[in-house]
Each structure stands twice: as structure tokens, then as C-alpha cells.
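> I am attaching a structure below and will ask some questions about it afterwards.
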2 protein chains.
Amino acid sequence: MMKIYRKAILPAGFSAHGLACGLKKSRKPDLALIYSHMPARASACFTTNKIKAAPVLLTQDHLKKIDLHQAIIVNSGNANCFTGKKGLAAAERTAQIFADELGIRKESVLVNSTGIIGKQLSVNKIKNAAAELVRGLTVQGITRASRAIMTTDAFVKEVTVDLKIGNKRVRLCGIAKGAGMIAPDLATMLAFITTDANITCRALDKALKAAVARSFNCITVDGCMSTNDTVIVLANAAGENKLIDLRSSSPAGRGSRDFVHFCEALRLVCLELAQMIVRDAEGATKFIGIHVKNARNFSDARKCALAIANSNLFKTAMYGCNPNFGRVAASVGASGVAVTEKGLKIKLGPLQKKDIHVEVNLSMGSAEATVYTSDLSPEYIKINAAYN
Amino acid sequence: MMKIYRKAILPAGFSAHGLACGLKKSRKPDLALIYSHMPARASACFTTNKIKAAPVLLTQDHLKKIDLHQAIIVNSGNANCFTGKKGLAAAERTAQIFADELGIRKESVLVNSTGIIGKQLSVNKIKNAAAELVRGLTVQGITRASRAIMTTDAFVKEVTVDLKIGNKRVRLCGIAKGAGMIAPDLATMLAFITTDANITCRALDKALKAAVARSFNCITVDGCMSTNDTVIVLANAAGENKLIDLRSSSPAGRGSRDFVHFCEALRLVCLELAQMIVRDAEGATKFIGIHVKNARNFSDARKCALAIANSNLFKTAMYGCNPNFGRVAASVGASGVAVTEKGLKIKLGPLQKKDIHVEVNLSMGSAEATVYTSDLSPEYIKINAAYN
């Protein structure tokens, strides 16, 4: 039995805080810290953009260097991307500042940024706020942290899932920021998940990869891939459940019952956060689920659904409540997946509603995927055309 | 020396006509015929969309069956796509009608359609107009034909290039229709090129493939690929030049001087038409040329330029005259081409002008490509959101 809460409640052994350090001109909160009181196993997924922001490169490096991590530091207001060696030094200095302040190794600090591209990050502002940020760490502070990672988000994105592993209650808590930054802007997606589950690094990697494939990698607002996209999960074992590992795999290769349950919970956290990001998309008036079924394989199903979701002609039709089967059919054909005209069946749900369901049957196999997207409205253009 | 005219003037041995047969509710011209008085060699490029319209399938079949062709028939107002067996029969019947009327083989008629998707084509309307269309064939009729292939095009797209092959004057004449159909609509691109050049089928294929790669395949309005896109060239040899073939290749493998000249002329015709299509894009306020240089190879250069051109964030920035380097850098990184942050150089021309030039230096090799696109405006959404 899983319980889901649409707010952030930290698992055992974690605390967090968020405040304004002056990176945002608006003086809104722009610096967040999530801290595990004991060393935690970590797993992460990053943007595949070849231009990666400095904090992404640094965090990847820290994950390779040591096995246990304790802190996630995030600033909004500046992406620290396309900033060269100076940018990398700024990310490293940020890690060092919090390592010193928390009394932990530099490599156990995972650094994240979101905001304007191509502008140097003012680390002094972060340094001046570091002591206060660490002093303010509390269990309730996660709601301040989830505010401080926002950019143009209209609402905070928080979810908590409780489940039982054996006779122990275990919790996963996720916060995220979504698509869109006004000036000048990328649709950067960041998500940070904490859990007190006791789980091996490899099992955590496998669970996160599977969860992200069916959640964050199945949403699209405008098809633009950010330089900073990051999903991190920290697992500190404070829940004291029997270690979840991959060794006790069932004959079907699905892993142990505990592992399957943990995977389901993590997928739920990721899916809820991903859907919130789409619901908060810039200028969106519709929330659209595109379910592609009977595909040759998952990759085809996802590719096909993404091709429809990223078609401007489809998105504008949804905005106009225009039941345009032709645009769906053309997107399917253009996506490159295996399909025949005869086998292709398209169903469009009622378009007057805020939530729209599109079903595409490829008649080629038994795999399926659902992709979530928004419509394309004049408001999207208004937001994104604005001069920095 | 080449001469270029921005109007359609048919080469020797061709005539054309266009009229309204009632497929468009607006009663505007919707049926065009281009005819060569002698059998002509033909070459064509088609959409790679897996859902292909019936006329595309039929024309591909006719090009495979025989070597010489004489007629291009085009209807607008109905794409005859996603129409199953009945749609294919309609395309075949159209070919038979004009074969009978012109006294030629069915296979020498090349059939094309553009317009609404998923609605059966009323062949009777075409049949009723066939005799009048054939009777009206004249040299000047090409301007009527170029009007009859239009859908939401705001202006006709015509170009003529004269060149000398040996001591003979040879002509190429192209007409096209562009991106966008109001109800309901695909960005279908059709182009028909006639020439009196004497050139082998293989040389014609090679010349067309090269020309299309650097013109029609280097433009994008919204990244949506149509089910009907077609480019056809008919070469009837009436110019009586010495046969242009591929045998007399130069050591550099570029082909004979005559072949190179013909290729240049054909590329010019295709590029002019392609640029006109972008200038007439739905809701466009800007004409944007994206030049990617020092790429590893042409494929990388084109892929990178297309990734920028298809980014909604980039397109809206251009609409807003927002000099957003970050969005260009993120698109380059997301495109998957070989690049490093250090090697990437981006130049944006003045954004207040109607024509904008973007230059991207990848510092990875010596290949280059230029892609043409438009901005994304609220007007695009208004046009495409409209209910059929």
C-alpha cells in the first residue's frame, strides 16, 4: 500500500532550507540546500545536451569520485552555462563553501543551477548567504527549498510517497522546478528526491533510470532540451529497512518484491512531478496525454508520441479545439516509427476540456508509452519573445 | 552566364493551364496541368513521411514503370491522403482521365494533390473540367497553373533561369506552392520544374538530388513534414543541346562542365522557390538564414542549422527581436552534432531587420550548410488553431 501526498514531507535524516541571496533581481528566494545528516547513496540523470552547464559537469564528476553524498545545493537566477573555465571554478567554489560550512567533503556536495545562460555566476552572493542557509536547516525547510528553486514556475511542485518495505515505513519526497525562465531563458527541469530507504547504489541507479524513462523523459513543452536538466535522488538508509538490492532477482528478472515496490514508488514521484511541470508550462491552456499503444517496442511508442507532442501544428490545433486527425497522422508518419496507413487508428478525446486524451494505435506490436504535453498558445510566444 | 527571372516563362515544348473545378469551396483555381508536347525524362523527390498520400504512391509507381513522361496534373483543396484504397483509385482515375484526354499512356501522367487530409477526393469534379483544362493549354498558361496549385500561399512562387549549354540556350522554369493550408492543413510543399535541356535520366536524378539537398531540404517553417511533399522536374530535350550525361566526369568527380552548369541552374531554381516558400510562411514577420560553418560534414551542418531553426524558443526570440545566444547554444548542443563549448562561436545579425542572419561556427571541420526559416508569431497560432 502506498500513500501519496501532494506536498513535501522530508524522510528521516534529512533537512532543508531556502532563502534569497540576491541572484534574482526580484529579491525572491534563489538558493536552496537539501542535507542528509548521514552520508547517503546518490543516483542522478542529466541532460544529454552536448553543451552542459558547469554545475552539471561538476556534479557528474563528484558522483564518479565518491560513493556517498550529503548535500544538494541549488541556485536559481543564473544557469552558470556557456561560462567557460570561470563558470566551472564558480561551481567548484560553491561546493567548497558548503563543504566547509557543513564540515563534509567537497565531493559530497552536488551543485545545481538554473536561470540565465552565458552570464557569470556571482559566487560571493552565495558565499555571503551560506552560513545563514546552513543554520536554517530544518525538516520543515523543504517547502522553502522548493520555493527557492523556482524560476517562472507559477506553483511549487512537491510530492511525497510513503510505502512499506518489509515491516518498515519508508518515504520518498520529491521537489521540482519546471519549464521556462523569462530572461533569457531555457526550459530547465530540475528535480530532487530524498528517501530514507536502504538501497544499494546499483539498485538505485536502475530504479531511477526506469522511473525517468517513463516520466521526465516522456514530457515535452516545446521540444527544447536544456543545458542544465538534472534529476538527483539521495537515499540515506535512515528507514532501516532490509537492504534492497538487485541480487535477489525473481525468475522474470523484475528484481525482488521490495525492489519492485521501491521502483513503483519512485516512478510515481517522478510522474507526479513531471505532470506538474507540464501543467505549469508557459502559456499552456491544455494538458494533453498522448498514449501510443501496440508499438513494436517502447522506444518506437515514445518516439511516436513525442513527435505528435512536439508538432506545432498539432499543438496549435489543440489550442483551437480543432479535432485535426490529419496532423496527428502526419506526425506519426514523420516520426520514422514502423506503421502502415491501414494499421493506424487515432482517437481524440473531447477537446473542450482542459485535459485532453489522444490515443494512437500503431497495430505493430504490444509496447506502449504515454507522453504529456501542453498546447501552443499566443501566451507562450508573448512570454518567450520578451527581451532579456 | 545565367539569367534569372522572378516569373514563370516555359521552356520550348511545354504548355500549361489552370482553372477552378470546384474542389475549393472558395471557387478559386484548384486544378493545374503542365504538359510537354514530346515525351520527357523525369526525376522527382518525395516526402519521407511513412504516411504517404495516394498521388505520391501513384506517381512513384509511374516513375518506376516507364522512362518518359509528359504530363503533371495537380489539384489543390484536397490532399487525397489517409484515404485508403478509395484514395488510390481516385488518383489512378485522375491519371486515366488525362491520359485519355491527351492521348498518352496513363503511366506518363504524374498526379499530385494538396489540401485537406482524410477526405475522399471528388474525381468527378476533376473529370468534368478535364476537357477544358486540356483545350486551354498554352505557353502563357503556366501563370494560371501556378495560381491553381496555391492553398494559403499569399503570393505565387515562380522563377525562370536561362543558361547556355554549348552554343544552345536552355531554360529551366519552376513553380511552387508553400507551407500552410488553412483547413485543416498541412505545410505541404509542391514544386514543378520544366526544362528543355537534353540530359540523361541519371544525370537529372543526380542534379535534382543535389539541388534539393541544399534548397527544399534546408528550409523549415514548423518542422512538420507533410504527407504530400513532391518536387518533379521534366526535361524534354527540345533545347537540342549536346546530351548532358555523367560519363564525361572530370578527374575531381564533379562531372562535365555542362553538367556542373546545369546543376548550378537547377540549384538556383530550387533555392529561389524554397526561399519564397519561407518568405510566405504562415504568420512570419522575419526571414532567417542560419549559416553553420566548420562542421565535421554537410549532414552535421544541416542537422545543427535545422535544430536551431526548429526551436520554438529561438523562433519566438527572433519574433521578439531578442538577441538570445543561450537559446542558439542550447539548440546546437541538443542537435547531437560534434561540438565543444570552447569551439562554439555564435553571431547574430541585427534583429530589427526583416532579414536576419545567424552564423554558427562549430570549429570541427570545413563543411557548411545554410537553412532558411521564419519566426514564430501569434499569427501562426491564429491561422493554425482555426477549426476546419
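Ordering of the C-alpha cells sets the chain letters (A, B, ...), residue numbers begin anew at 1 in every chain, and ligands are numbered from 1 in the order given.
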Find the residues in chain B near chain A: any atom within 6 Å counts, using only C-alpha atoms. Write them as a ChimeraX atom specification.
/B:49-51,117,225,316-317,320,322,326,333-334,341,378,381,384-387
> Could you pull out the helix (DSSP H, G or I) residues of region 182-388 of chain A, going by DSSP on the backbone, and write them as an MDAnalysis selection string?
chainID A and resid 201:213 216:218 257:279 298:309 312:319 325:334 378:385
> Suppose we keep C-alpha atoms; can you now write the selection as a PDB file, in the first residue's frame?

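This went into out_8.pdb:
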ATOM      1  CA  CYS A 201      23.736   2.172  -5.465  1.00  0.00           C
ATOM      2  CA  ARG A 202      23.111  -0.189  -8.387  1.00  0.00           C
ATOM      3  CA  ALA A 203      19.502  -0.820  -7.448  1.00  0.00           C
ATOM      4  CA  LEU A 204      19.007   2.936  -7.019  1.00  0.00           C
ATOM      5  CA  ASP A 205      20.525   3.600 -10.473  1.00  0.00           C
ATOM      6  CA  LYS A 206      18.279   1.010 -12.095  1.00  0.00           C
ATOM      7  CA  ALA A 207      15.160   2.290 -10.345  1.00  0.00           C
ATOM      8  CA  LEU A 208      15.873   5.933 -11.250  1.00  0.00           C
ATOM      9  CA  LYS A 209      16.666   5.164 -14.883  1.00  0.00           C
ATOM     10  CA  ALA A 210      13.400   3.255 -15.271  1.00  0.00           C
ATOM     11  CA  ALA A 211      11.389   5.943 -13.492  1.00  0.00           C
ATOM     12  CA  VAL A 212      12.867   8.809 -15.541  1.00  0.00           C
ATOM     13  CA  ALA A 213      12.298   6.952 -18.833  1.00  0.00           C
ATOM     14  CA  PHE A 216      10.617  13.180 -17.132  1.00  0.00           C
ATOM     15  CA  ASN A 217      11.678  11.704 -20.494  1.00  0.00           C
ATOM     16  CA  CYS A 218       8.022  11.432 -21.507  1.00  0.00           C
ATOM     17  CA  ARG A 257       9.374  -7.673  -4.407  1.00  0.00           C
ATOM     18  CA  ASP A 258      10.935  -4.898  -2.329  1.00  0.00           C
ATOM     19  CA  PHE A 259      12.807  -3.578  -5.355  1.00  0.00           C
ATOM     20  CA  VAL A 260       9.636  -3.628  -7.468  1.00  0.00           C
ATOM     21  CA  HIS A 261       7.762  -1.700  -4.779  1.00  0.00           C
ATOM     22  CA  PHE A 262      10.519   0.869  -4.461  1.00  0.00           C
ATOM     23  CA  CYS A 263      10.584   1.272  -8.271  1.00  0.00           C
ATOM     24  CA  GLU A 264       6.820   1.849  -8.316  1.00  0.00           C
ATOM     25  CA  ALA A 265       7.066   4.497  -5.619  1.00  0.00           C
ATOM     26  CA  LEU A 266       9.950   6.271  -7.327  1.00  0.00           C
ATOM     27  CA  ARG A 267       8.137   6.162 -10.680  1.00  0.00           C
ATOM     28  CA  LEU A 268       5.064   7.664  -9.017  1.00  0.00           C
ATOM     29  CA  VAL A 269       7.112  10.511  -7.507  1.00  0.00           C
ATOM     30  CA  CYS A 270       8.762  11.241 -10.866  1.00  0.00           C
ATOM     31  CA  LEU A 271       5.496  11.002 -12.821  1.00  0.00           C
ATOM     32  CA  GLU A 272       3.635  13.336 -10.444  1.00  0.00           C
ATOM     33  CA  LEU A 273       6.427  15.923 -10.630  1.00  0.00           C
ATOM     34  CA  ALA A 274       6.691  15.579 -14.429  1.00  0.00           C
ATOM     35  CA  GLN A 275       2.952  16.076 -14.879  1.00  0.00           C
ATOM     36  CA  MET A 276       3.037  19.156 -12.617  1.00  0.00           C
ATOM     37  CA  ILE A 277       5.765  20.595 -14.847  1.00  0.00           C
ATOM     38  CA  VAL A 278       3.558  20.167 -17.931  1.00  0.00           C
ATOM     39  CA  ARG A 279       0.533  21.637 -16.148  1.00  0.00           C
ATOM     40  CA  PHE A 298       8.845   1.173 -26.043  1.00  0.00           C
ATOM     41  CA  SER A 299      11.339   3.290 -27.987  1.00  0.00           C
ATOM     42  CA  ASP A 300       9.003   3.434 -31.013  1.00  0.00           C
ATOM     43  CA  ALA A 301       5.985   4.196 -28.828  1.00  0.00           C
ATOM     44  CA  ARG A 302       7.756   7.062 -27.055  1.00  0.00           C
ATOM     45  CA  LYS A 303       9.280   8.434 -30.277  1.00  0.00           C
ATOM     46  CA  CYS A 304       5.882   8.450 -31.957  1.00  0.00           C
ATOM     47  CA  ALA A 305       4.136  10.122 -29.002  1.00  0.00           C
ATOM     48  CA  LEU A 306       6.917  12.744 -28.735  1.00  0.00           C
ATOM     49  CA  ALA A 307       6.674  13.508 -32.479  1.00  0.00           C
ATOM     50  CA  ILE A 308       2.975  14.289 -32.081  1.00  0.00           C
ATOM     51  CA  ALA A 309       3.572  16.227 -28.854  1.00  0.00           C
ATOM     52  CA  ASN A 312       3.437  22.888 -33.631  1.00  0.00           C
ATOM     53  CA  LEU A 313       0.559  22.133 -35.988  1.00  0.00           C
ATOM     54  CA  PHE A 314      -0.867  19.586 -33.516  1.00  0.00           C
ATOM     55  CA  LYS A 315      -0.286  21.868 -30.517  1.00  0.00           C
ATOM     56  CA  THR A 316      -1.997  24.849 -32.134  1.00  0.00           C
ATOM     57  CA  ALA A 317      -4.906  22.611 -33.181  1.00  0.00           C
ATOM     58  CA  MET A 318      -5.316  21.575 -29.527  1.00  0.00           C
ATOM     59  CA  TYR A 319      -5.248  25.241 -28.501  1.00  0.00           C
ATOM     60  CA  PHE A 325      -6.714  13.847 -37.252  1.00  0.00           C
ATOM     61  CA  GLY A 326      -4.604  14.713 -40.303  1.00  0.00           C
ATOM     62  CA  ARG A 327      -1.979  16.477 -38.228  1.00  0.00           C
ATOM     63  CA  VAL A 328      -1.714  13.507 -35.868  1.00  0.00           C
ATOM     64  CA  ALA A 329      -1.407  11.071 -38.807  1.00  0.00           C
ATOM     65  CA  ALA A 330       1.255  13.219 -40.479  1.00  0.00           C
ATOM     66  CA  SER A 331       3.278  13.424 -37.249  1.00  0.00           C
ATOM     67  CA  VAL A 332       3.107   9.656 -36.788  1.00  0.00           C
ATOM     68  CA  GLY A 333       4.341   9.136 -40.353  1.00  0.00           C
ATOM     69  CA  ALA A 334       7.108  11.706 -39.964  1.00  0.00           C
ATOM     70  CA  PRO A 378      -0.134  33.055 -28.177  1.00  0.00           C
ATOM     71  CA  GLU A 379       0.777  33.470 -24.495  1.00  0.00           C
ATOM     72  CA  TYR A 380       3.787  31.121 -24.956  1.00  0.00           C
ATOM     73  CA  ILE A 381       5.099  33.440 -27.660  1.00  0.00           C
ATOM     74  CA  LYS A 382       4.454  36.523 -25.561  1.00  0.00           C
ATOM     75  CA  ILE A 383       6.438  35.055 -22.631  1.00  0.00           C
ATOM     76  CA  ASN A 384       9.334  33.811 -24.722  1.00  0.00           C
ATOM     77  CA  ALA A 385       9.628  36.721 -27.149  1.00  0.00           C
TER      78      ALA A 385
END
> Distance CA of Ile165 (chain B)-CA of Phe46 (chain B), one decimal place?
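CA of Phe46 (chain B) lies at a distance of 28.3 Å from CA of Ile165 (chain B).
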> Once DSSP has gone over the backbone, tell me which residues of region 239-379 of chain A are in strand (DSSP E or B), as a ChimeraX atom specification.
/A:244,287-295,345-348,355-361,367-374
> Name the residues in contact with region 157-164 of chain A at a cut-off of 7 Å, using only C-alpha atoms, excluding same-chain residues fewer than 6 positions from it; report them as a list in words.
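Skipping anything fewer than 6 positions along the chain leaves Met1, Met2, Lys3, Ile4, Tyr5, Arg6, Lys7, Ala8, Ile9, Val170, Arg171, Leu172, Cys173, Gly174, Ile175, Ala176, Lys177, Ala265, Val269, Leu273 and Met276 of chain A.
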> Which distance in Å separates CA of Gly22 (chain B) and CA of Asn112 (chain B), to one decimal?
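These two atoms are separated by 16.6 Å.
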> Taking into account only C-alpha atoms, which residue in the set A:Arg147, A:Lys354, A:Lys86, A:His37 is nearest to Gln120 (chain A)?
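Of the candidates, the smallest distance to Gln120 (chain A) is held by A:Lys86.
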> Can you work out the spacing between CA of Thr200 (chain A) and CA of Ala237 (chain A) in Å, to one decimal?
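We find that CA of Thr200 (chain A) and CA of Ala237 (chain A) lie 9.6 Å from each other.
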> Could you tell me which of B:Gly166, B:Gly13, B:Gly77, B:Gly343 comes closest to Leu243 (chain B) if we count only C-alpha atoms?
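Among B:Gly166, B:Gly13, B:Gly77, B:Gly343, it is B:Gly166 that comes nearest to Leu243 (chain B).
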> From the options A:Ala281, A:Ile356, A:Val371, A:Asp196, which residue's atoms come nearest to Ile244 (chain A), counting only C-alpha atoms?
A:Asp196
